[in-house]
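Asker: Sharing upload.csv below, CSV, C-alpha atoms and all ligand atoms:
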chain,number,residue,atom,x,y,z
A,187,MET,CA,4.9,63.9,43.8
A,188,SER,CA,4.8,65.1,47.4
A,189,GLU,CA,6.4,68.5,48.1
A,190,ALA,CA,8.4,67.1,51.0
A,191,THR,CA,10.3,64.7,48.7
A,192,THR,CA,10.6,67.1,45.6
A,193,GLN,CA,11.7,70.5,44.7
A,194,MET,CA,11.4,72.7,41.6
A,195,LEU,CA,14.5,72.8,39.4
A,196,GLY,CA,14.5,75.1,36.3
A,197,GLY,CA,10.7,74.9,36.1
A,198,HIS,CA,10.5,71.2,36.6
A,199,ARG,CA,9.5,69.3,39.7
A,200,VAL,CA,12.2,66.7,40.6
A,201,HIS,CA,12.8,64.3,43.4
A,202,ARG,CA,15.3,65.5,46.0
A,203,VAL,CA,17.7,62.6,45.4
A,204,GLY,CA,19.0,62.5,41.8
A,205,PHE,CA,22.1,61.1,40.3
A,206,GLY,CA,25.6,62.4,39.3
A,207,ALA,CA,27.1,60.9,36.2
A,208,MET,CA,30.8,61.8,37.0
A,209,GLN,CA,31.7,58.3,38.2
A,210,LEU,CA,30.5,56.6,35.0
A,211,PRO,CA,33.5,57.2,32.7
A,212,GLY,CA,36.9,55.6,33.2
A,213,SER,CA,39.3,56.2,36.0
A,214,ARG,CA,39.9,59.9,36.9
A,215,VAL,CA,36.7,60.7,34.8
A,216,PHE,CA,38.6,60.0,31.6
A,217,GLY,CA,37.9,57.6,28.8
A,218,PRO,CA,35.4,54.7,28.6
A,219,PRO,CA,34.0,53.0,31.7
A,220,ALA,CA,35.8,49.9,33.1
A,221,ASP,CA,32.5,48.1,32.6
A,222,HIS,CA,30.3,49.5,29.9
A,223,GLY,CA,27.3,47.2,30.6
A,224,ARG,CA,27.3,48.2,34.3
A,225,ALA,CA,27.4,51.9,33.5
A,226,ILE,CA,24.3,51.5,31.3
A,227,ALA,CA,22.6,49.3,33.9
A,228,VAL,CA,23.2,52.0,36.6
A,229,LEU,CA,21.6,54.7,34.5
A,230,ARG,CA,18.6,52.5,33.5
A,231,ARG,CA,18.0,51.4,37.1
A,232,ALA,CA,18.2,55.0,38.3
A,233,ALA,CA,15.5,56.1,35.8
A,234,GLU,CA,13.4,53.0,36.6
A,235,ALA,CA,13.7,53.8,40.3
A,236,GLY,CA,12.3,57.3,39.6
A,237,VAL,CA,15.4,59.4,39.4
A,238,ASP,CA,14.4,62.4,37.3
A,239,HIS,CA,17.5,64.7,37.8
A,240,ILE,CA,20.8,63.6,36.3
A,241,ASP,CA,23.8,65.8,36.5
A,242,THR,CA,26.5,65.5,33.8
A,243,ALA,CA,29.1,67.5,31.8
A,244,ASP,CA,30.5,67.3,28.3
A,245,PHE,CA,34.0,67.2,30.0
A,246,TYR,CA,33.2,63.9,31.9
A,247,GLY,CA,35.1,61.5,29.7
A,248,PRO,CA,35.1,63.9,27.7
A,249,ARG,CA,31.7,63.2,26.1
A,250,VAL,CA,31.6,59.7,27.7
A,251,ALA,CA,29.1,60.4,30.4
A,252,ASN,CA,26.8,62.1,27.9
A,253,GLU,CA,27.2,59.2,25.4
A,254,LEU,CA,26.3,56.7,28.1
A,255,ILE,CA,23.2,58.8,29.1
A,256,HIS,CA,22.1,58.9,25.5
A,257,GLU,CA,22.7,55.2,25.0
A,258,ALA,CA,20.9,54.1,28.2
A,259,LEU,CA,18.0,56.5,28.2
A,260,PHE,CA,17.1,57.9,24.8
A,261,PRO,CA,14.3,58.6,24.1
A,262,TYR,CA,14.4,60.2,27.5
A,263,PRO,CA,11.6,59.5,30.0
A,264,VAL,CA,9.0,62.3,30.4
A,265,GLY,CA,10.0,64.5,33.3
A,266,LEU,CA,13.8,63.7,33.2
A,267,VAL,CA,15.8,66.8,33.8
A,268,ILE,CA,19.3,66.6,32.5
A,269,VAL,CA,21.6,69.2,34.0
A,270,SER,CA,24.9,69.9,32.4
A,271,LYS,CA,27.7,72.4,33.0
A,272,VAL,CA,30.1,74.4,31.0
A,273,GLY,CA,33.5,76.0,31.8
A,274,ALA,CA,36.1,73.3,31.5
A,275,ARG,CA,37.7,71.0,28.9
A,276,ARG,CA,40.2,68.1,29.0
A,277,ASP,CA,43.6,67.7,27.4
A,278,GLU,CA,44.9,64.6,25.7
A,279,GLN,CA,46.1,63.1,29.1
A,280,GLY,CA,42.9,63.8,30.9
A,281,GLY,CA,44.1,67.1,32.5
A,282,TRP,CA,41.4,69.6,33.5
A,283,LEU,CA,41.6,72.9,31.7
A,284,PRO,CA,39.4,76.0,32.0
A,285,ALA,CA,37.1,76.8,29.0
A,286,GLN,CA,35.7,80.0,30.3
A,287,ARG,CA,35.5,82.4,27.4
A,288,PRO,CA,32.0,83.1,26.0
A,289,GLU,CA,32.8,81.2,22.8
A,290,GLU,CA,34.0,78.2,24.8
A,291,LEU,CA,30.8,78.3,26.9
A,292,ARG,CA,28.8,78.2,23.7
A,293,ALA,CA,30.9,75.4,22.3
A,294,GLY,CA,30.3,73.4,25.5
A,295,VAL,CA,26.6,73.8,25.2
A,296,GLU,CA,26.6,72.8,21.6
A,297,SER,CA,28.6,69.7,22.3
A,298,ASN,CA,26.1,68.7,25.1
A,299,LEU,CA,23.2,69.3,22.7
A,300,ALA,CA,24.8,67.1,19.9
A,301,VAL,CA,25.9,64.2,22.1
A,302,LEU,CA,22.7,64.1,24.2
A,303,HIS,CA,20.6,64.6,21.1
A,304,LEU,CA,18.6,67.4,22.7
A,305,ASP,CA,17.3,70.7,21.2
A,306,GLU,CA,17.6,72.4,24.6
A,307,VAL,CA,19.6,71.4,27.7
A,308,PRO,CA,17.0,71.8,30.5
A,309,VAL,CA,19.5,73.4,32.9
A,310,VAL,CA,23.2,74.4,32.3
A,311,ASN,CA,25.5,75.4,35.1
A,312,LEU,CA,28.1,78.1,34.4
A,313,ARG,CA,31.1,76.6,36.3
A,314,ARG,CA,33.2,79.5,37.3
A,315,VAL,CA,37.0,79.3,37.3
A,316,PRO,CA,38.0,82.7,38.6
A,317,GLU,CA,41.7,82.2,37.9
A,318,ALA,CA,41.0,82.1,34.2
A,319,GLY,CA,40.3,85.9,34.5
A,320,VAL,CA,37.3,86.0,32.2
A,321,PRO,CA,34.9,88.8,33.3
A,322,TRP,CA,31.8,87.5,35.1
A,323,ALA,CA,29.6,89.9,33.2
A,324,GLU,CA,30.7,88.5,29.8
A,325,GLN,CA,30.0,85.0,31.0
A,326,LEU,CA,26.6,85.8,32.2
A,327,ASP,CA,25.8,87.6,28.9
A,328,ALA,CA,26.8,84.5,27.0
A,329,MET,CA,24.5,82.3,29.2
A,330,LYS,CA,21.7,84.8,28.8
A,331,ALA,CA,22.1,84.8,25.0
A,332,MET,CA,22.0,81.0,24.9
A,333,HIS,CA,18.9,81.0,27.1
A,334,ALA,CA,17.2,83.5,24.8
A,335,GLU,CA,18.0,81.3,21.8
A,336,GLY,CA,16.4,78.3,23.5
A,337,LEU,CA,19.6,76.3,23.7
A,338,ILE,CA,19.4,76.4,27.5
A,339,GLY,CA,16.2,75.9,29.5
A,340,ALA,CA,17.5,77.5,32.6
A,341,ILE,CA,20.8,79.0,33.9
A,342,GLY,CA,22.5,77.5,36.9
A,343,LEU,CA,25.8,78.4,38.6
A,344,SER,CA,28.7,76.3,39.9
A,345,ASN,CA,31.7,77.0,42.0
A,346,VAL,CA,30.6,80.6,42.7
A,347,SER,CA,31.4,83.0,45.4
A,348,LEU,CA,28.7,84.8,47.4
A,349,GLU,CA,29.4,88.0,45.5
A,350,GLU,CA,29.1,86.2,42.1
A,351,TYR,CA,25.8,84.5,43.2
A,352,VAL,CA,24.3,87.8,44.4
A,353,SER,CA,25.4,89.6,41.2
A,354,ALA,CA,24.0,86.8,39.0
A,355,ARG,CA,20.7,86.8,40.9
A,356,SER,CA,20.2,90.5,40.1
A,357,GLN,CA,20.6,89.7,36.4
A,358,VAL,CA,19.1,86.3,35.7
A,359,GLU,CA,16.8,83.8,37.3
A,360,VAL,CA,19.2,81.3,38.9
A,361,ALA,CA,17.8,77.8,38.6
A,362,CYS,CA,20.3,76.3,41.0
A,363,VAL,CA,23.7,76.6,42.6
A,364,GLN,CA,26.2,73.7,42.5
A,365,ASN,CA,29.1,74.2,44.9
A,366,ALA,CA,31.2,71.7,46.9
A,367,TYR,CA,29.6,71.1,50.3
A,368,ASN,CA,29.3,68.1,52.6
A,369,LEU,CA,29.3,67.2,56.3
A,370,VAL,CA,33.1,67.8,56.8
A,371,ASP,CA,33.6,70.6,54.2
A,372,ARG,CA,31.4,73.5,54.8
A,373,THR,CA,33.4,76.2,53.0
A,374,GLY,CA,30.3,76.7,50.9
A,375,GLN,CA,28.2,77.6,54.0
A,376,ALA,CA,27.6,81.2,53.1
A,377,VAL,CA,26.5,80.5,49.5
A,378,PHE,CA,24.3,77.6,50.8
A,379,GLU,CA,22.7,79.9,53.4
A,380,ALA,CA,22.0,82.6,50.8
A,381,CYS,CA,20.4,80.0,48.5
A,382,ARG,CA,18.3,78.6,51.3
A,383,ALA,CA,17.1,82.1,52.3
A,384,ASP,CA,16.2,82.8,48.6
A,385,GLY,CA,14.6,79.4,48.0
A,386,VAL,CA,17.1,78.7,45.3
A,387,PRO,CA,18.0,75.0,44.8
A,388,PHE,CA,21.4,74.2,46.2
A,389,VAL,CA,23.0,71.0,44.8
A,390,PRO,CA,26.1,70.1,46.7
A,391,TYR,CA,28.8,68.4,44.7
A,392,PHE,CA,31.1,65.9,46.6
A,393,PRO,CA,28.1,65.0,48.9
A,394,LEU,CA,30.0,61.9,49.9
A,395,GLY,CA,33.4,63.5,50.0
A,396,SER,CA,34.3,62.7,46.3
A,397,ALA,CA,36.2,59.9,44.7
A,398,PHE,CA,39.4,62.0,44.6
A,399,LEU,CA,40.3,61.7,48.3
A,400,ALA,CA,41.5,58.2,49.2
A,401,GLN,CA,40.9,58.7,52.9
A,402,ARG,CA,37.2,59.2,52.3
A,403,PRO,CA,36.8,62.0,55.0
A,404,VAL,CA,33.0,61.8,55.0
A,405,LEU,CA,32.4,58.1,54.9
A,406,SER,CA,35.1,57.4,57.5
A,407,ASN,CA,34.1,60.1,59.9
A,408,GLN,CA,33.5,58.6,63.3
A,409,ALA,CA,30.2,60.5,64.1
A,410,VAL,CA,28.9,59.4,60.7
A,411,ARG,CA,29.9,55.8,61.3
A,412,ASP,CA,28.5,55.8,64.9
A,413,THR,CA,25.2,57.3,63.7
A,414,ALA,CA,24.9,54.8,60.9
A,415,ALA,CA,25.5,51.9,63.3
A,416,ARG,CA,22.9,53.2,65.8
A,417,LEU,CA,20.2,53.9,63.1
A,418,GLY,CA,20.9,50.7,61.1
A,419,ALA,CA,21.9,52.7,58.0
A,420,THR,CA,25.1,53.1,56.0
A,421,PRO,CA,27.6,56.0,56.3
A,422,ALA,CA,26.6,57.2,52.8
A,423,GLN,CA,23.0,57.3,53.8
A,424,VAL,CA,23.7,59.3,56.9
A,425,ALA,CA,25.9,61.8,55.0
A,426,LEU,CA,23.1,62.2,52.4
A,427,ALA,CA,20.3,62.5,55.0
A,428,TRP,CA,22.3,65.1,56.8
A,429,LEU,CA,22.5,67.2,53.7
A,430,LEU,CA,18.7,66.8,53.0
A,431,ALA,CA,18.1,68.0,56.6
A,432,GLN,CA,19.9,71.2,56.0
A,433,GLY,CA,17.0,72.8,54.0
A,434,PRO,CA,14.2,72.0,51.6
A,435,ASN,CA,16.2,73.6,48.8
A,436,VAL,CA,18.9,70.9,48.9
A,437,LEU,CA,18.9,68.5,45.9
A,438,LEU,CA,21.3,65.6,45.9
A,439,ILE,CA,23.4,64.1,43.0
A,440,PRO,CA,25.6,61.4,44.6
A,441,GLY,CA,27.8,59.9,42.0
A,442,THR,CA,28.2,56.2,41.7
A,443,SER,CA,29.2,53.5,39.2
A,444,SER,CA,27.7,50.8,41.4
A,445,LEU,CA,24.1,49.4,41.4
A,446,GLU,CA,24.4,48.6,45.1
A,447,HIS,CA,25.5,52.1,46.0
A,448,LEU,CA,22.8,53.5,43.8
A,449,GLU,CA,20.1,51.7,45.7
A,450,GLU,CA,21.7,52.7,49.0
A,451,ASN,CA,21.8,56.4,48.0
A,452,LEU,CA,18.2,56.5,46.8
A,453,ALA,CA,17.0,55.0,50.0
A,454,ALA,CA,18.7,57.8,51.9
A,455,ALA,CA,15.7,59.9,51.1
A,456,GLU,CA,13.7,57.8,53.6
A,457,LEU,CA,16.2,58.1,56.5
A,458,VAL,CA,15.1,60.4,59.3
A,459,LEU,CA,17.9,61.7,61.5
A,460,ASP,CA,16.8,62.2,65.1
A,461,GLU,CA,18.0,65.1,67.3
A,462,GLN,CA,20.9,63.0,68.7
A,463,ALA,CA,22.2,62.3,65.2
A,464,LEU,CA,21.8,65.9,64.0
A,465,SER,CA,23.6,67.4,66.9
A,466,ALA,CA,26.5,64.9,66.7
A,467,LEU,CA,26.8,65.5,62.9
A,468,ASP,CA,26.4,69.3,63.1
A,469,ASP,CA,29.7,69.4,65.1
A,470,GLU,CA,31.7,67.6,62.5
A,471,ALA,CA,32.9,70.4,60.2
A,472,ALA,CA,36.6,69.9,59.7
A,501,LIG,N1,30.0,71.4,39.5
A,501,LIG,C1,31.1,70.8,39.7
A,501,LIG,O1,32.2,71.4,39.7
A,501,LIG,C2,31.2,69.4,40.1
A,501,LIG,C3,32.4,68.8,40.6
A,501,LIG,C4,32.4,67.5,41.0
A,501,LIG,C5,31.2,66.7,40.8
A,501,LIG,N2,30.1,67.3,40.4
A,501,LIG,C6,28.8,66.5,40.2
A,501,LIG,O2,28.5,66.1,41.6
A,501,LIG,C7,28.3,64.7,41.6
A,501,LIG,C8,28.7,64.1,42.9
A,501,LIG,O3,30.1,64.3,43.2
A,501,LIG,P1,31.1,63.1,43.0
A,501,LIG,O4,30.5,62.0,42.2
A,501,LIG,O5,32.4,63.7,42.5
A,501,LIG,O6,31.4,62.7,44.5
A,501,LIG,P2,30.5,62.0,45.6
A,501,LIG,O7,29.1,61.8,45.2
A,501,LIG,O8,30.8,62.8,46.9
A,501,LIG,O9,31.3,60.6,45.8
A,501,LIG,C9,31.5,59.7,44.8
A,501,LIG,C10,32.3,58.6,45.4
A,501,LIG,O10,31.6,57.9,46.4
A,501,LIG,C11,31.5,56.5,46.1
A,501,LIG,N3,30.1,56.2,46.5
A,501,LIG,C12,28.9,56.5,46.0
A,501,LIG,N4,27.9,56.0,46.7
A,501,LIG,C13,28.5,55.3,47.7
A,501,LIG,C14,27.9,54.5,48.8
A,501,LIG,N5,26.6,54.4,48.9
A,501,LIG,N6,28.8,53.9,49.6
A,501,LIG,C15,30.1,54.1,49.5
A,501,LIG,N7,30.7,54.8,48.5
A,501,LIG,C16,29.9,55.4,47.6
A,501,LIG,C17,31.7,56.4,44.6
A,501,LIG,O11,32.2,55.2,44.3
A,501,LIG,P3,31.4,54.0,43.5
A,501,LIG,O12,31.4,54.4,42.1
A,501,LIG,O13,32.2,52.8,43.8
A,501,LIG,O14,30.0,54.0,44.1
A,501,LIG,C18,32.7,57.5,44.4
A,501,LIG,O15,34.0,57.1,44.7
A,501,LIG,C19,29.2,64.2,40.4
A,501,LIG,O16,28.8,62.9,40.0
A,501,LIG,C20,28.9,65.2,39.4
A,501,LIG,O17,27.8,65.0,38.7
A,501,LIG,C21,30.0,68.6,40.0
Is it possible to express this structure as structure tokens?
Ligand SMILES: NC(=O)c1ccc[n+]([C@@H]2O[C@H](COP(=O)([O-])OP(=O)(O)OC[C@H]3O[C@@H](n4cnc5c(N)ncnc54)[C@H](OP(=O)(O)O)[C@@H]3O)[C@@H](O)[C@H]2O)c1
Answerer:
Amino acid sequence: MSEATTQMLGGHRVHRVGFGAMQLPGSRVFGPPADHGRAIAVLRRAAEAGVDHIDTADFYGPRVANELIHEALFPYPVGLVIVSKVGARRDEQGGWLPAQRPEELRAGVESNLAVLHLDEVPVVNLRRVPEAGVPWAEQLDAMKAMHAEGLIGAIGLSNVSLEEYVSARSQVEVACVQNAYNLVDRTGQAVFEACRADGVPFVPYFPLGSAFLAQRPVLSNQAVRDTAARLGATPAQVALAWLLAQGPNVLLIPGTSSLEHLEENLAAAELVLDEQALSALDDEAA
């Protein structure tokens, strides 16, 4: 694999464009998919097309995304890096609740291991919910213990502040950081820049602006649309190529439940943005 199109992630070399499994369960990431066969087909096509980095969580469904990954891909292709996250859980109505205490982080890892049929999850992101009030040091200790026990191959971070990132880096090898970041939402800029300076993989979530915002602020952005029309690409490809252009440490996990969108997103790795495109898009932070 060429170094230009790949990056190390938790000790494994992966392609820079991976896949996020959050769009596979039912509406609002809750319950079974609207079309089970299509969800399985999307995962199998991703693997067949060379995707070797799949992002998931036990709380997608809950368990549904992991069950689909297991059904579609087990025994897993050599080189596939499954990245999961801990720190949340769902209530009976699909509400999102924090699960931040050390024993909850462990229960999250154990559920990932059971449903994915793995002895070790290659990378697990500690998804921080500061409002839950659980001390950062206790959470890092819990992750370190699970790493030492071989339940976690590498420790990643998600939704962290710059201070939390710096403090974690002084205590553990940080495999990756997954914070929200895209062309119109650059609130994660400081953490992104710190990761880029340190050569730590940065995996922006909501790279296309997420499924939660009906107005689709990234895909409907005028500069994105104009650039796409000029370069003969789609708005999603422009948004993804812009992220890839921000630094070699950027790894992408666009989420989709559609075979057509999957192909489009994977092809974004080939789209080269010229100077005109980059300067137009660089100005688009909301
Ligand atoms: N660490 C965290 O806290 C956290 C939080 C959120 C997400 N994540 C991870 O990050 C991944 C990416 O985020 P996300 O899935 O929430 O949002 P996203 O990738 O920004 O956007 C997904 C939305 O874009 C649509 N889409 C995908 N490809 C498209 C294309 N080529 N053209 C037009 N629309 C397209 C999807 O619909 P279709 O299904 O119709 O394609 C879906 O509505 C997730 O899958 C998840 O693995 C992590």
Asker: I need the residue nearest A:Ile226 from this list: A:Glu296, A:Glu306, A:Asp241, A:Glu257. Use all atoms listed in the file for the distance.
Answerer: A:Glu257
Asker: In Å, rounded to a single decimal, give me how far atom CA of A:Thr442 is from atom C10 of ligand LIG 501 (chain A).
Answerer: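 These two atoms are separated by 6.0 Å.
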Asker: Considering all atoms listed in the file, give me a table of residues in chain A that are at most 7 Å from ligand LIG 501 (chain A), with the closest atom pair and distance in Å for each, as CSV.
Answerer:
residue,atom,partner,partner_atom,distance
A:Phe205,CA,A:LIG501,O16,6.9
A:Gly206,CA,A:LIG501,O16,3.3
A:Ala207,CA,A:LIG501,O16,4.6
A:Met208,CA,A:LIG501,O16,3.8
A:Gln209,CA,A:LIG501,O12,5.5
A:Asp241,CA,A:LIG501,O17,4.6
A:Thr242,CA,A:LIG501,O17,5.1
A:Lys271,CA,A:LIG501,N1,7.0
A:Arg313,CA,A:LIG501,N1,6.2
A:Ser344,CA,A:LIG501,N1,5.1
A:Asn345,CA,A:LIG501,O1,6.1
A:Gln364,CA,A:LIG501,N1,5.4
A:Asn365,CA,A:LIG501,N1,6.1
A:Pro390,CA,A:LIG501,O2,6.9
A:Tyr391,CA,A:LIG501,O2,3.9
A:Phe392,CA,A:LIG501,O8,3.1
A:Pro393,CA,A:LIG501,O8,4.0
A:Leu394,CA,A:LIG501,O8,3.2
A:Gly395,CA,A:LIG501,O8,4.1
A:Ser396,CA,A:LIG501,O6,3.4
A:Ala397,CA,A:LIG501,O15,3.6
A:Ala422,CA,A:LIG501,N5,4.8
A:Gln423,CA,A:LIG501,N5,6.7
A:Ile439,CA,A:LIG501,C7,5.1
A:Pro440,CA,A:LIG501,O7,3.6
A:Gly441,CA,A:LIG501,O4,3.4
A:Thr442,CA,A:LIG501,O12,3.7
A:Ser443,CA,A:LIG501,O12,3.7
A:Ser444,CA,A:LIG501,O14,4.8
A:His447,CA,A:LIG501,N5,3.9
A:Leu448,CA,A:LIG501,N4,6.4
A:Glu450,CA,A:LIG501,N5,5.2
A:Asn451,CA,A:LIG501,N5,5.3
Asker: So which one's closest to A:Lys330, A:Gly281, A:Pro434, A:Pro308, A:Pro288? Using all atoms listed in the file, please.
Answerer: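 Going through A:Gly281, A:Pro434, A:Pro308, A:Pro288 one by one, the smallest distance to A:Lys330 is for A:Pro288.
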Asker: Have a look at A:Asp412, A:Asp244, A:Asp327, A:Glu234 and name the one nearest to A:Glu289; count only C-alpha atoms.
Answerer: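 When distances to A:Glu289 are compared using only C-alpha atoms, the smallest one comes from A:Asp327.
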Asker: Do a neighbour search on A:Leu464 at 12 Å with all atoms listed in the file, toss out local chain neighbours closer than 6 positions, and write the hits as a PyMOL selection string.
Answerer: chain A and resi 369+409-410+413-414+424-425+427-432+458+470
Asker: Those selected residues, please, written with C-alpha atoms and delivered as an mmCIF file, in the frame of the given file.
Answerer:
data_model
loop_
_atom_site.group_PDB
_atom_site.id
_atom_site.type_symbol
_atom_site.label_atom_id
_atom_site.label_comp_id
_atom_site.auth_asym_id
_atom_site.auth_seq_id
_atom_site.Cartn_x
_atom_site.Cartn_y
_atom_site.Cartn_z
ATOM 1 C CA LEU A 369 29.300 67.200 56.300
ATOM 2 C CA ALA A 409 30.200 60.500 64.100
ATOM 3 C CA VAL A 410 28.900 59.400 60.700
ATOM 4 C CA THR A 413 25.200 57.300 63.700
ATOM 5 C CA ALA A 414 24.900 54.800 60.900
ATOM 6 C CA VAL A 424 23.700 59.300 56.900
ATOM 7 C CA ALA A 425 25.900 61.800 55.000
ATOM 8 C CA ALA A 427 20.300 62.500 55.000
ATOM 9 C CA TRP A 428 22.300 65.100 56.800
ATOM 10 C CA LEU A 429 22.500 67.200 53.700
ATOM 11 C CA LEU A 430 18.700 66.800 53.000
ATOM 12 C CA ALA A 431 18.100 68.000 56.600
ATOM 13 C CA GLN A 432 19.900 71.200 56.000
ATOM 14 C CA VAL A 458 15.100 60.400 59.300
ATOM 15 C CA GLU A 470 31.700 67.600 62.500
#
Asker: Quick one, how far is atom CA of A:Ser270 from atom CA of A:Asn298?
Answerer: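 Taking atom CA of A:Ser270 as the start and atom CA of A:Asn298 as the end point, the length is 7.5 Å.
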Asker: Rounded to one decimal place, report the atom CA of A:Asp371-atom CA of A:Arg411 distance in Å.
Answerer: 16.8 Å
Asker: For each of A:Val272, A:Ala376, A:Val346, A:Ala455, take the minimum atom-to-atom distance to A:Leu437, counting all atoms listed in the file, then give the residue where this is smallest.
Answerer: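 Using all atoms listed in the file, the shortest distance to A:Leu437 belongs to A:Ala455.
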Asker: Considering all atoms listed in the file, state which residue in the set A:Ser406, A:Asn435, A:Gln279, A:Gln286 is at the smallest distance from A:Pro421.
Answerer: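 Looking only at the distances to A:Pro421, the closest residue turns out to be A:Ser406.
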Asker: Please return as a ChimeraX atom specification every residue within 10 Å of (32.9, 56.3, 27.4), taking into account all atoms listed in the file and the file's own coordinates.
Answerer: /A:210-212,215-222,225,246-254
Asker: Let me make sure I understand: among A:Leu457, A:His333, A:Val295, A:Ala471, which one has the smallest atom-to-atom distance to A:Arg372 if we use only C-alpha atoms?
Answerer: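 Using only C-alpha atoms, the shortest distance to A:Arg372 belongs to A:Ala471.
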